[in-house]
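Trainee: final10.cif (mmCIF, C-alpha atoms) pasted underneath:
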data_entry
#
loop_
_atom_site.group_PDB
_atom_site.id
_atom_site.type_symbol
_atom_site.label_atom_id
_atom_site.label_comp_id
_atom_site.auth_asym_id
_atom_site.auth_seq_id
_atom_site.Cartn_x
_atom_site.Cartn_y
_atom_site.Cartn_z
ATOM 1 C CA MET X 242 0.048 -2.111 -8.665
ATOM 2 C CA GLU X 243 -2.436 0.002 -6.712
ATOM 3 C CA GLN X 244 -5.311 -1.709 -8.544
ATOM 4 C CA ALA X 245 -4.084 -5.243 -7.700
ATOM 5 C CA VAL X 246 -6.186 -7.321 -5.320
ATOM 6 C CA PRO X 247 -5.382 -10.521 -3.376
ATOM 7 C CA THR X 248 -5.780 -13.822 -5.202
ATOM 8 C CA LEU X 249 -7.595 -16.992 -4.154
ATOM 9 C CA THR X 250 -4.279 -18.253 -2.724
ATOM 10 C CA HIS X 251 -3.862 -15.130 -0.602
ATOM 11 C CA MET X 252 -7.336 -15.555 0.833
ATOM 12 C CA ALA X 253 -6.877 -19.297 1.431
ATOM 13 C CA LEU X 254 -3.780 -18.497 3.501
ATOM 14 C CA VAL X 255 -5.822 -16.023 5.548
ATOM 15 C CA GLU X 256 -8.241 -18.794 6.526
ATOM 16 C CA LEU X 257 -5.496 -21.354 7.179
ATOM 17 C CA ILE X 258 -3.789 -18.908 9.541
ATOM 18 C CA ARG X 259 -7.088 -18.147 11.257
ATOM 19 C CA LYS X 260 -7.576 -21.891 11.829
ATOM 20 C CA GLY X 261 -4.058 -22.251 13.218
ATOM 21 C CA LEU X 262 -2.892 -24.502 10.358
ATOM 22 C CA VAL X 263 -0.295 -22.048 9.015
ATOM 23 C CA SER X 264 1.994 -20.166 11.379
ATOM 24 C CA LEU X 265 4.006 -17.903 9.060
ATOM 25 C CA VAL X 266 4.103 -16.664 5.468
ATOM 26 C CA VAL X 267 7.567 -15.690 4.218
ATOM 27 C CA SER X 268 7.412 -13.416 1.181
ATOM 28 C CA GLN X 269 9.879 -11.583 -1.021
ATOM 29 C CA ASN X 270 7.076 -9.750 -2.841
ATOM 30 C CA VAL X 271 6.699 -6.026 -2.191
ATOM 31 C CA ASP X 272 3.137 -5.692 -3.512
ATOM 32 C CA GLY X 273 1.611 -5.736 -0.007
ATOM 33 C CA LEU X 274 -1.145 -8.149 -1.048
ATOM 34 C CA HIS X 275 -0.572 -10.526 1.871
ATOM 35 C CA ILE X 276 -1.233 -7.834 4.476
ATOM 36 C CA ARG X 277 -4.013 -6.379 2.359
ATOM 37 C CA SER X 278 -5.698 -9.784 2.189
ATOM 38 C CA GLY X 279 -5.997 -9.826 5.970
ATOM 39 C CA ILE X 280 -2.958 -11.835 7.109
ATOM 40 C CA PRO X 281 -1.909 -10.441 10.515
ATOM 41 C CA SER X 282 1.504 -8.795 10.494
ATOM 42 C CA LYS X 283 2.637 -11.177 13.263
ATOM 43 C CA ASN X 284 2.176 -14.039 10.778
ATOM 44 C CA MET X 285 4.142 -12.329 7.996
ATOM 45 C CA ALA X 286 7.839 -11.996 7.242
ATOM 46 C CA GLU X 287 8.141 -9.540 4.339
ATOM 47 C CA LEU X 288 11.842 -9.808 3.562
ATOM 48 C CA HIS X 289 11.946 -7.191 0.807
ATOM 49 C CA GLY X 290 9.468 -4.710 2.270
ATOM 50 C CA ASN X 291 5.963 -3.541 1.418
ATOM 51 C CA CYS X 292 5.216 -0.717 -1.007
ATOM 52 C CA TYR X 293 2.101 0.272 0.983
ATOM 53 C CA LEU X 294 3.936 0.556 4.284
ATOM 54 C CA GLU X 295 5.970 3.440 5.672
ATOM 55 C CA TYR X 296 7.347 3.961 9.165
ATOM 56 C CA CYS X 297 8.605 6.765 11.354
ATOM 57 C CA LYS X 298 12.392 6.983 11.670
ATOM 58 C CA THR X 299 11.989 8.480 15.140
ATOM 59 C CA CYS X 300 9.320 6.474 16.980
ATOM 60 C CA LYS X 301 9.027 3.495 14.577
ATOM 61 C CA THR X 302 5.227 3.869 14.216
ATOM 62 C CA GLU X 303 4.044 2.103 11.047
ATOM 63 C CA TYR X 304 1.505 3.465 8.571
ATOM 64 C CA THR X 305 -0.308 1.261 6.054
ATOM 65 C CA ARG X 306 -1.503 3.363 3.118
ATOM 66 C CA PRO X 307 -4.038 2.813 0.320
ATOM 67 C CA PHE X 308 -1.377 3.953 -2.192
ATOM 68 C CA ASP X 309 2.180 3.055 -3.185
ATOM 69 C CA VAL X 310 4.349 5.094 -0.818
ATOM 70 C CA THR X 311 7.347 4.805 -3.159
ATOM 71 C CA GLU X 312 5.474 6.557 -5.961
ATOM 72 C CA HIS X 313 3.586 9.270 -4.073
ATOM 73 C CA HIS X 314 5.735 11.670 -2.141
ATOM 74 C CA GLY X 315 4.914 14.505 0.210
ATOM 75 C CA ASN X 316 6.437 17.977 0.238
ATOM 76 C CA GLN X 317 10.004 16.790 0.769
ATOM 77 C CA ALA X 318 11.939 15.363 -2.152
ATOM 78 C CA PRO X 319 13.009 11.736 -1.682
ATOM 79 C CA THR X 320 16.664 11.122 -0.931
ATOM 80 C CA LYS X 321 19.013 9.416 -3.354
ATOM 81 C CA THR X 322 18.146 6.087 -1.720
ATOM 82 C CA PHE X 323 14.427 6.845 -2.202
ATOM 83 C CA HIS X 324 13.511 5.873 1.343
ATOM 84 C CA ASP X 325 12.255 9.250 2.614
ATOM 85 C CA THR X 326 8.632 9.657 1.540
ATOM 86 C CA GLY X 327 8.273 13.339 2.472
ATOM 87 C CA ARG X 328 5.450 12.704 4.929
ATOM 88 C CA LYS X 329 5.559 13.228 8.681
ATOM 89 C CA CYS X 330 4.545 11.051 11.613
ATOM 90 C CA THR X 331 1.166 12.066 13.050
ATOM 91 C CA LYS X 332 1.746 10.525 16.464
ATOM 92 C CA PRO X 333 1.299 13.286 19.071
ATOM 93 C CA GLY X 334 4.615 14.822 20.049
ATOM 94 C CA CYS X 335 6.614 13.120 17.302
ATOM 95 C CA GLY X 336 6.450 14.553 13.780
ATOM 96 C CA GLY X 337 9.408 12.466 12.609
ATOM 97 C CA GLY X 338 10.083 11.830 8.942
ATOM 98 C CA LEU X 339 8.565 8.731 7.316
ATOM 99 C CA GLN X 340 10.448 6.195 5.209
ATOM 100 C CA ASN X 341 9.335 3.375 2.931
ATOM 101 C CA THR X 342 10.272 -0.201 3.809
ATOM 102 C CA ILE X 343 11.512 -1.346 0.394
ATOM 103 C CA ILE X 344 14.887 -3.118 0.398
ATOM 104 C CA ASN X 345 17.044 -1.860 -2.461
ATOM 105 C CA PHE X 346 19.861 -3.835 -4.049
ATOM 106 C CA GLY X 347 22.814 -4.098 -1.696
ATOM 107 C CA GLU X 348 20.835 -3.187 1.442
ATOM 108 C CA ARG X 349 20.469 -5.430 4.464
ATOM 109 C CA LEU X 350 17.212 -7.281 4.956
ATOM 110 C CA PRO X 351 15.070 -6.338 7.973
ATOM 111 C CA GLU X 352 16.516 -8.196 10.939
ATOM 112 C CA LYS X 353 13.196 -8.750 12.696
ATOM 113 C CA ALA X 354 11.510 -10.340 9.662
ATOM 114 C CA LEU X 355 14.589 -12.380 8.771
ATOM 115 C CA THR X 356 14.980 -13.756 12.297
ATOM 116 C CA LEU X 357 11.299 -14.670 12.437
ATOM 117 C CA ALA X 358 11.597 -16.481 9.097
ATOM 118 C CA TRP X 359 14.674 -18.481 10.187
ATOM 119 C CA ASN X 360 13.248 -19.441 13.568
ATOM 120 C CA THR X 361 9.929 -20.551 12.110
ATOM 121 C CA SER X 362 11.608 -22.500 9.294
ATOM 122 C CA ASP X 363 13.851 -24.352 11.753
ATOM 123 C CA ALA X 364 10.854 -25.379 13.879
ATOM 124 C CA ALA X 365 8.390 -26.196 11.078
ATOM 125 C CA ASP X 366 7.048 -29.669 10.378
ATOM 126 C CA LEU X 367 5.798 -28.674 6.931
ATOM 127 C CA ALA X 368 7.121 -26.130 4.424
ATOM 128 C CA ILE X 369 5.023 -25.256 1.364
ATOM 129 C CA VAL X 370 6.553 -23.340 -1.537
ATOM 130 C CA LEU X 371 3.917 -21.491 -3.561
ATOM 131 C CA GLY X 372 4.674 -19.842 -6.889
ATOM 132 C CA THR X 373 8.400 -19.153 -6.647
ATOM 133 C CA SER X 374 11.409 -20.565 -8.491
ATOM 134 C CA LEU X 375 13.561 -20.419 -5.315
ATOM 135 C CA THR X 376 16.378 -18.487 -6.962
ATOM 136 C CA VAL X 377 16.566 -15.399 -4.705
ATOM 137 C CA THR X 378 18.336 -15.841 -1.384
ATOM 138 C CA PRO X 379 17.969 -15.814 1.542
ATOM 139 C CA ALA X 380 14.239 -16.365 1.030
ATOM 140 C CA ALA X 381 15.057 -19.381 -1.123
ATOM 141 C CA ASP X 382 17.077 -20.906 1.734
ATOM 142 C CA HIS X 383 14.216 -21.194 4.211
ATOM 143 C CA PRO X 384 12.544 -24.269 2.653
ATOM 144 C CA GLN X 385 15.935 -26.004 2.687
ATOM 145 C CA ALA X 386 16.374 -25.099 6.360
ATOM 146 C CA ALA X 387 12.975 -26.566 7.185
ATOM 147 C CA LYS X 388 13.794 -29.753 5.243
ATOM 148 C CA ASP X 389 17.159 -30.086 6.984
ATOM 149 C CA ASN X 390 15.367 -29.958 10.342
ATOM 150 C CA GLY X 391 12.959 -32.756 9.479
ATOM 151 C CA ALA X 392 10.045 -30.921 7.858
ATOM 152 C CA LYS X 393 8.120 -32.243 4.871
ATOM 153 C CA LEU X 394 8.642 -30.089 1.766
ATOM 154 C CA VAL X 395 5.932 -29.368 -0.820
ATOM 155 C CA ILE X 396 6.702 -27.283 -3.901
ATOM 156 C CA VAL X 397 4.000 -25.847 -6.149
ATOM 157 C CA ASN X 398 5.421 -23.958 -9.117
ATOM 158 C CA LEU X 399 5.134 -24.121 -12.901
ATOM 159 C CA GLN X 400 8.903 -23.731 -13.368
ATOM 160 C CA ALA X 401 11.643 -25.987 -12.070
ATOM 161 C CA THR X 402 13.334 -25.107 -8.765
ATOM 162 C CA PRO X 403 16.707 -26.094 -7.262
ATOM 163 C CA LEU X 404 14.927 -28.081 -4.533
ATOM 164 C CA ASP X 405 12.664 -30.183 -6.751
ATOM 165 C CA LYS X 406 14.560 -33.413 -6.062
ATOM 166 C CA LYS X 407 14.363 -32.858 -2.317
ATOM 167 C CA ALA X 408 10.617 -32.210 -2.269
ATOM 168 C CA ASP X 409 8.299 -34.775 -0.687
ATOM 169 C CA LEU X 410 5.621 -33.592 -3.100
ATOM 170 C CA ARG X 411 6.219 -31.635 -6.321
ATOM 171 C CA LEU X 412 3.298 -30.127 -8.264
ATOM 172 C CA HIS X 413 3.846 -28.389 -11.619
ATOM 173 C CA THR X 414 0.640 -26.366 -11.686
ATOM 174 C CA GLU X 415 -0.956 -23.064 -10.660
ATOM 175 C CA THR X 416 -1.096 -22.263 -6.954
ATOM 176 C CA ASP X 417 -4.753 -21.180 -7.040
ATOM 177 C CA LYS X 418 -5.813 -24.587 -8.364
ATOM 178 C CA VAL X 419 -3.862 -26.398 -5.659
ATOM 179 C CA MET X 420 -5.092 -24.186 -2.822
ATOM 180 C CA GLN X 421 -8.681 -24.532 -3.971
ATOM 181 C CA GLN X 422 -8.361 -28.339 -3.754
ATOM 182 C CA VAL X 423 -6.544 -28.172 -0.406
ATOM 183 C CA MET X 424 -9.298 -26.052 1.116
ATOM 184 C CA ALA X 425 -11.984 -28.342 -0.279
ATOM 185 C CA ASN X 426 -10.264 -31.400 1.220
ATOM 186 C CA LEU X 427 -10.012 -29.646 4.593
ATOM 187 C CA GLY X 428 -13.663 -28.646 4.441
ATOM 188 C CA LEU X 429 -12.775 -24.957 4.688
ATOM 189 C CA GLU X 430 -14.264 -22.072 2.758
ATOM 190 C CA ILE X 431 -12.031 -19.512 1.084
ATOM 191 C CA PRO X 432 -13.181 -16.071 2.295
ATOM 192 C CA PRO X 433 -13.717 -13.404 -0.362
ATOM 193 C CA PHE X 434 -11.502 -10.352 -0.330
ATOM 194 C CA ASP X 435 -13.359 -7.483 1.325
ATOM 195 C CA ASN X 436 -11.953 -4.298 -0.190
ATOM 196 C CA ASP X 437 -14.379 -2.129 1.788
ATOM 197 C CA LYS X 438 -13.211 -3.689 5.054
ATOM 198 C CA PHE X 439 -9.566 -3.106 4.167
ATOM 199 C CA PHE X 440 -10.069 0.578 3.465
ATOM 200 C CA ALA X 441 -12.380 0.951 6.461
ATOM 201 C CA GLU X 442 -9.554 -0.236 8.683
ATOM 202 C CA LEU X 443 -7.248 2.351 7.134
ATOM 203 C CA GLN X 444 -9.913 4.975 7.682
ATOM 204 C CA GLY X 445 -10.061 3.995 11.338
ATOM 205 C CA GLN X 446 -6.346 4.628 11.668
ATOM 206 C CA ASN X 447 -6.908 8.174 10.329
ATOM 207 C CA TYR X 448 -3.331 8.239 9.092
ATOM 208 C CA GLY X 449 -3.091 11.602 7.405
ATOM 209 C CA MET X 450 -6.376 11.213 5.550
ATOM 210 C CA GLU X 451 -6.830 14.971 5.624
ATOM 211 C CA LEU X 452 -7.461 17.114 2.557
ATOM 212 C CA THR X 453 -7.426 20.885 2.415
ATOM 213 C CA VAL X 454 -9.166 22.951 -0.261
ATOM 214 C CA GLY X 455 -8.252 26.617 -0.241
ATOM 215 C CA HIS X 456 -8.183 29.768 -2.326
ATOM 216 C CA GLU X 457 -6.011 32.857 -2.507
ATOM 217 C CA VAL X 458 -6.585 36.189 -4.252
ATOM 218 C CA THR X 459 -3.964 38.852 -5.056
ATOM 219 C CA ASP X 460 -4.364 42.171 -6.877
ATOM 220 C CA LYS X 461 -4.143 40.463 -10.261
ATOM 221 C CA ASP X 462 -4.516 36.706 -9.842
ATOM 222 C CA TRP X 463 -6.480 34.064 -7.965
ATOM 223 C CA ARG X 464 -5.761 30.427 -7.152
ATOM 224 C CA VAL X 465 -7.836 27.467 -5.934
ATOM 225 C CA TYR X 466 -5.794 24.525 -4.656
ATOM 226 C CA VAL X 467 -5.974 21.132 -2.969
ATOM 227 C CA THR X 468 -3.298 19.894 -0.560
ATOM 228 C CA THR X 469 -2.993 17.319 2.207
ATOM 229 C CA ALA X 470 -1.948 17.674 5.817
ATOM 230 C CA TYR X 471 1.411 15.969 5.367
ATOM 231 C CA GLY X 472 2.052 16.332 1.655
ATOM 232 C CA ASN X 473 1.323 18.302 -1.488
ATOM 233 C CA GLY X 474 -1.751 16.248 -2.350
ATOM 234 C CA ASP X 475 0.177 13.523 -4.136
ATOM 235 C CA ASP X 476 -0.216 11.165 -1.176
ATOM 236 C CA LEU X 477 -4.029 11.033 -1.404
ATOM 237 C CA CYS X 478 -5.296 12.651 -4.601
ATOM 238 C CA ASN X 479 -5.659 10.469 -7.667
ATOM 239 C CA LEU X 480 -7.385 13.175 -9.723
ATOM 240 C CA VAL X 481 -8.687 16.686 -9.067
ATOM 241 C CA GLU X 482 -11.121 18.261 -11.519
ATOM 242 C CA PHE X 483 -11.724 22.016 -11.503
ATOM 243 C CA GLU X 484 -14.599 23.619 -13.388
ATOM 244 C CA CYS X 485 -14.848 27.391 -13.763
ATOM 245 C CA GLU X 486 -16.907 29.456 -16.206
ATOM 246 C CA GLY X 487 -17.231 26.597 -18.665
ATOM 247 C CA ARG X 488 -13.561 25.650 -18.444
ATOM 248 C CA THR X 489 -12.605 22.247 -17.051
ATOM 249 C CA LYS X 490 -9.123 21.378 -15.873
ATOM 250 C CA GLN X 491 -8.171 17.859 -14.779
ATOM 251 C CA VAL X 492 -5.017 17.539 -12.663
ATOM 252 C CA SER X 493 -3.415 14.188 -11.815
ATOM 253 C CA ASP X 494 -0.074 15.457 -10.457
ATOM 254 C CA PRO X 495 0.834 18.232 -8.009
ATOM 255 C CA PRO X 496 0.358 21.078 -7.747
ATOM 256 C CA PHE X 497 -3.393 20.396 -7.714
ATOM 257 C CA GLN X 498 -4.620 23.884 -8.568
ATOM 258 C CA ILE X 499 -6.320 26.172 -11.039
ATOM 259 C CA THR X 500 -5.467 29.847 -11.531
ATOM 260 C CA GLY X 501 -7.077 32.837 -13.180
ATOM 261 C CA LYS X 502 -7.125 36.599 -13.469
ATOM 262 C CA VAL X 503 -9.001 38.844 -11.020
ATOM 263 C CA THR X 504 -12.151 40.403 -12.494
ATOM 264 C CA GLU X 505 -14.852 42.703 -11.167
ATOM 265 C CA LYS X 506 -17.174 39.755 -10.618
ATOM 266 C CA MET X 507 -15.217 36.779 -9.352
ATOM 267 C CA PRO X 508 -16.366 33.315 -10.445
ATOM 268 C CA LYS X 509 -17.225 30.220 -8.458
ATOM 269 C CA VAL X 510 -15.085 27.134 -8.902
ATOM 270 C CA GLN X 511 -16.436 23.599 -8.732
ATOM 271 C CA VAL X 512 -13.915 21.143 -7.294
ATOM 272 C CA LYS X 513 -14.172 17.347 -7.592
ATOM 273 C CA ILE X 514 -11.541 15.217 -5.839
ATOM 274 C CA THR X 515 -10.995 11.509 -6.472
ATOM 275 C CA VAL X 516 -8.733 9.890 -3.865
ATOM 276 C CA PHE X 517 -6.711 6.679 -4.104
ATOM 277 C CA ASP X 518 -9.240 4.863 -1.939
ATOM 278 C CA PHE X 519 -11.465 3.833 -4.840
ATOM 279 C CA THR X 520 -14.197 2.615 -2.490
ATOM 280 C CA LEU X 521 -14.943 6.239 -1.591
ATOM 281 C CA GLU X 522 -17.121 8.478 -3.679
ATOM 282 C CA PRO X 523 -15.425 11.566 -5.168
ATOM 283 C CA ILE X 524 -15.550 14.686 -2.984
ATOM 284 C CA SER X 525 -17.342 17.619 -4.609
ATOM 285 C CA LEU X 526 -17.630 21.168 -3.353
ATOM 286 C CA GLU X 527 -17.895 24.762 -4.561
ATOM 287 C CA VAL X 528 -15.360 27.507 -3.864
ATOM 288 C CA ASP X 529 -16.703 31.055 -4.008
ATOM 289 C CA LEU X 530 -13.895 33.462 -4.887
ATOM 290 C CA ASN X 531 -16.050 36.405 -3.731
ATOM 291 C CA THR X 532 -15.592 35.240 -0.124
ATOM 292 C CA PRO X 533 -12.473 35.987 1.938
ATOM 293 C CA PRO X 534 -9.544 33.613 1.293
ATOM 294 C CA CYS X 535 -9.771 30.491 3.449
ATOM 295 C CA THR X 536 -8.981 26.799 3.684
ATOM 296 C CA ILE X 537 -11.519 23.994 4.063
ATOM 297 C CA PRO X 538 -10.294 20.863 5.911
ATOM 298 C CA LEU X 539 -11.786 17.573 4.839
ATOM 299 C CA VAL X 540 -11.197 14.327 6.742
ATOM 300 C CA ARG X 541 -11.967 11.072 4.933
#
Transcribe the structure of this file into structure tokens.
Mentor:
Amino acid sequence: MEQAVPTLTHMALVELIRKGLVSLVVSQNVDGLHIRSGIPSKNMAELHGNCYLEYCKTCKTEYTRPFDVTEHHGNQAPTKTFHDTGRKCTKPGCGGGLQNTIINFGERLPEKALTLAWNTSDAADLAIVLGTSLTVTPAADHPQAAKDNGAKLVIVNLQATPLDKKADLRLHTETDKVMQQVMANLGLEIPPFDNDKFFAELQGQNYGMELTVGHEVTDKDWRVYVTTAYGNGDDLCNLVEFECEGRTKQVSDPPFQITGKVTEKMPKVQVKITVFDFTLEPISLEVDLNTPPCTIPLVR
């Protein structure tokens, strides 16, 4: 999922919102592609959560990440409900625990998003259903609510839906094809997805994008490791490659480290770190075990 990018339909919606032609997108997807495409959060009602979003239980600050927060945990183990991500809030004076926003089976939907979806549906003059079979409630109920309040209803989906007979226009085709024609008829260009811009915005937030490379030496053993400020490295590191005296070790899961035995002449270790932000070049540096033990902070 972390390699997925917004589709033509996602980007068409971005432009329609920018032009004031679409007021709200209601989604039950958790892939985060709507926000990633550039749709402002005020124009989104994500009823089932967003796998790239976590928030502070204490101060409610939200953090959009370049990785799936449900898969990459910090130092703390997730709870049985899998909402605690193990990372901490970086807002000065807070430090509260972070949780993912995913709605599990049997849990209540987020009240703010649900209220926004109902209010907008009741006031809409047009409701467009794109690529859903309308079988999961309450998201499936919003087009009906709009129709009941006088809105025109358009359904675009390859499969049949329970509201097909009530639709003012029913198209059995792919959403991208329809949105491409809609934008052409409106004389609007579909903006390309700018992956660099998306990650640059995350960089600007500086949400825990801190890596630490360190080394330790005891009487018998040595260790070179990579961690992050609010985790064990799993929140930022996709792959860490260590090279020492002709030996290469690739590590894709924590602990991100290489160990060895102390010798009279200590070696140097080459470290190459690939982070989840694939627009960034890998970070490479050399750790000299002959120097006093230390840590090297890196902010990306």
Trainee: Around the point (-12.5, 34.7, 0.9), in the coordinates given by the file, pick out the residues reaching within 12 Å, counting only C-alpha atoms, and return them as a PyMOL selection string.
Mentor: chain X and resi 455-459+463-465+507+509+528-537
Trainee: When the PyMOL selection byres ((chain X and resi 485) around 7) is applied to the file above, which residues end up in the set, as a ChimeraX atom specification?
Mentor: /X:483-484,486-489,508-511
Trainee: Write the residues of the selection above to a file with C-alpha atoms, as a short mmCIF file (atom, residue, chain, number, x, y, z; two decimals), in the coordinates of the input.
Mentor:
data_model
loop_
_atom_site.label_atom_id
_atom_site.label_comp_id
_atom_site.auth_asym_id
_atom_site.auth_seq_id
_atom_site.Cartn_x
_atom_site.Cartn_y
_atom_site.Cartn_z
CA PHE X 483 -11.72 22.02 -11.50
CA GLU X 484 -14.60 23.62 -13.39
CA GLU X 486 -16.91 29.46 -16.21
CA GLY X 487 -17.23 26.60 -18.66
CA ARG X 488 -13.56 25.65 -18.44
CA THR X 489 -12.60 22.25 -17.05
CA PRO X 508 -16.37 33.32 -10.44
CA LYS X 509 -17.23 30.22 -8.46
CA VAL X 510 -15.08 27.13 -8.90
CA GLN X 511 -16.44 23.60 -8.73
#
Trainee: CA of Ala392 (chain X) and CA of Glu256 (chain X) are how many Å apart?
Mentor: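 Spanning CA of Ala392 (chain X) to CA of Glu256 (chain X) is a straight-line distance of 22.0 Å.
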Trainee: Just so the selection is clear, what residues does the PyMOL selection byres ((chain X and resi 341) around 6) cover here, as a VMD selection string?
Mentor: chain X and resid 295 324 340 342 to 343
Trainee: X:His251, X:Arg328, X:Lys353, X:Lys407: which is nearest Asn473 (chain X), counting all atoms listed in the file?
Mentor: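 For Asn473 (chain X), the nearest of the candidates is X:Arg328.
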Trainee: Taking (0.3, -7.9, -4.7) in the file's coordinates, which residues come within 12 Å, counting all atoms listed in the file, written as a PyMOL selection string?
Mentor: chain X and resi 242-248+250-251+268-278+290-293+309
Trainee: What separation in Å, quoted to one decimal, exists between CA of Gly337 (chain X) and CA of Tyr304 (chain X)?
Mentor: 12.6 Å
Trainee: Which is closest to Gly372 (chain X) among X:Thr299, X:Thr402, X:Asn479, X:Thr356, if we use only C-alpha atoms?
Mentor: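 Of X:Thr299, X:Thr402, X:Asn479, X:Thr356, the one nearest Gly372 (chain X) is X:Thr402, counting only C-alpha atoms.
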Trainee: So, with all atoms listed in the file as the atoms that count, which of X:Lys502, X:Lys260, X:Lys301, X:Lys438 lies closest to Asp462 (chain X)?
Mentor: X:Lys502
Trainee: Can you pull out every residue within 9 Å of Ala380 (chain X), counting all atoms listed in the file, but drop anything in the same chain fewer than 5 positions away, and send it as a PyMOL selection string?
Mentor: chain X and resi 267-269+288+355+358+375
Trainee: Residues at most 10 Å from Ile431 (chain X), counting all atoms listed in the file, excluding those fewer than 5 positions away in the same chain, as a list in words?
Mentor: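 With the cut-off at 10 Å, the set is Leu249, Thr250, His251, Met252, Ala253, Leu254, Val255, Glu256, Leu257, Met420, Gln421, Met424 and Ala425 of chain X.
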Trainee: Which residues fall under the PyMOL selection byres ((chain X and resi 514) around 12) in this file, as a PyMOL selection string?
Mentor: chain X and resi 452-454+466-469+474-475+477-484+491-493+497-498+511-513+515-519+521-527+539+541
Trainee: Just checking: using all atoms listed in the file, which residue out of X:Thr302, X:Gln385, X:Asn436, X:Asn390 ends up closest to Gly279 (chain X)?
Mentor: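 Among the listed residues, the smallest separation from Gly279 (chain X) belongs to X:Asn436.
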Trainee: Using all atoms listed in the file, pick whichever of X:Thr331, X:Thr500, X:Ser374, X:Asn398 has the shortest atom-to-atom distance to Arg411 (chain X).
Mentor: X:Asn398
Trainee: Smallest atom-to-atom distance to Leu399 (chain X): which of X:Leu412, X:Leu350, X:Val370, X:Cys297, using all atoms listed in the file?
Mentor: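 Among the listed residues, the smallest separation from Leu399 (chain X) belongs to X:Leu412.
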Trainee: Report as a PyMOL selection string all protein, DNA and RNA residues lying within 9 Å of Lys461 (chain X), evaluated on all atoms listed in the file, omitting residues in the same chain fewer than 6 positions from it.
Mentor: chain X and resi 501-504
Trainee: Please provide as a VMD selection string all residues within 12 Å of Asp389 (chain X), with the sequence filter that same-chain residues fewer than 3 positions apart are discarded (counting all atoms listed in the file).
Mentor: chain X and resid 362 to 368 382 to 386 392 to 394 404 407 to 408
Trainee: Quote the spacing between CA of Leu357 (chain X) and CA of Val397 (chain X) in Å to one decimal place.
Mentor: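 CA of Leu357 (chain X) sits 22.9 Å away from CA of Val397 (chain X).
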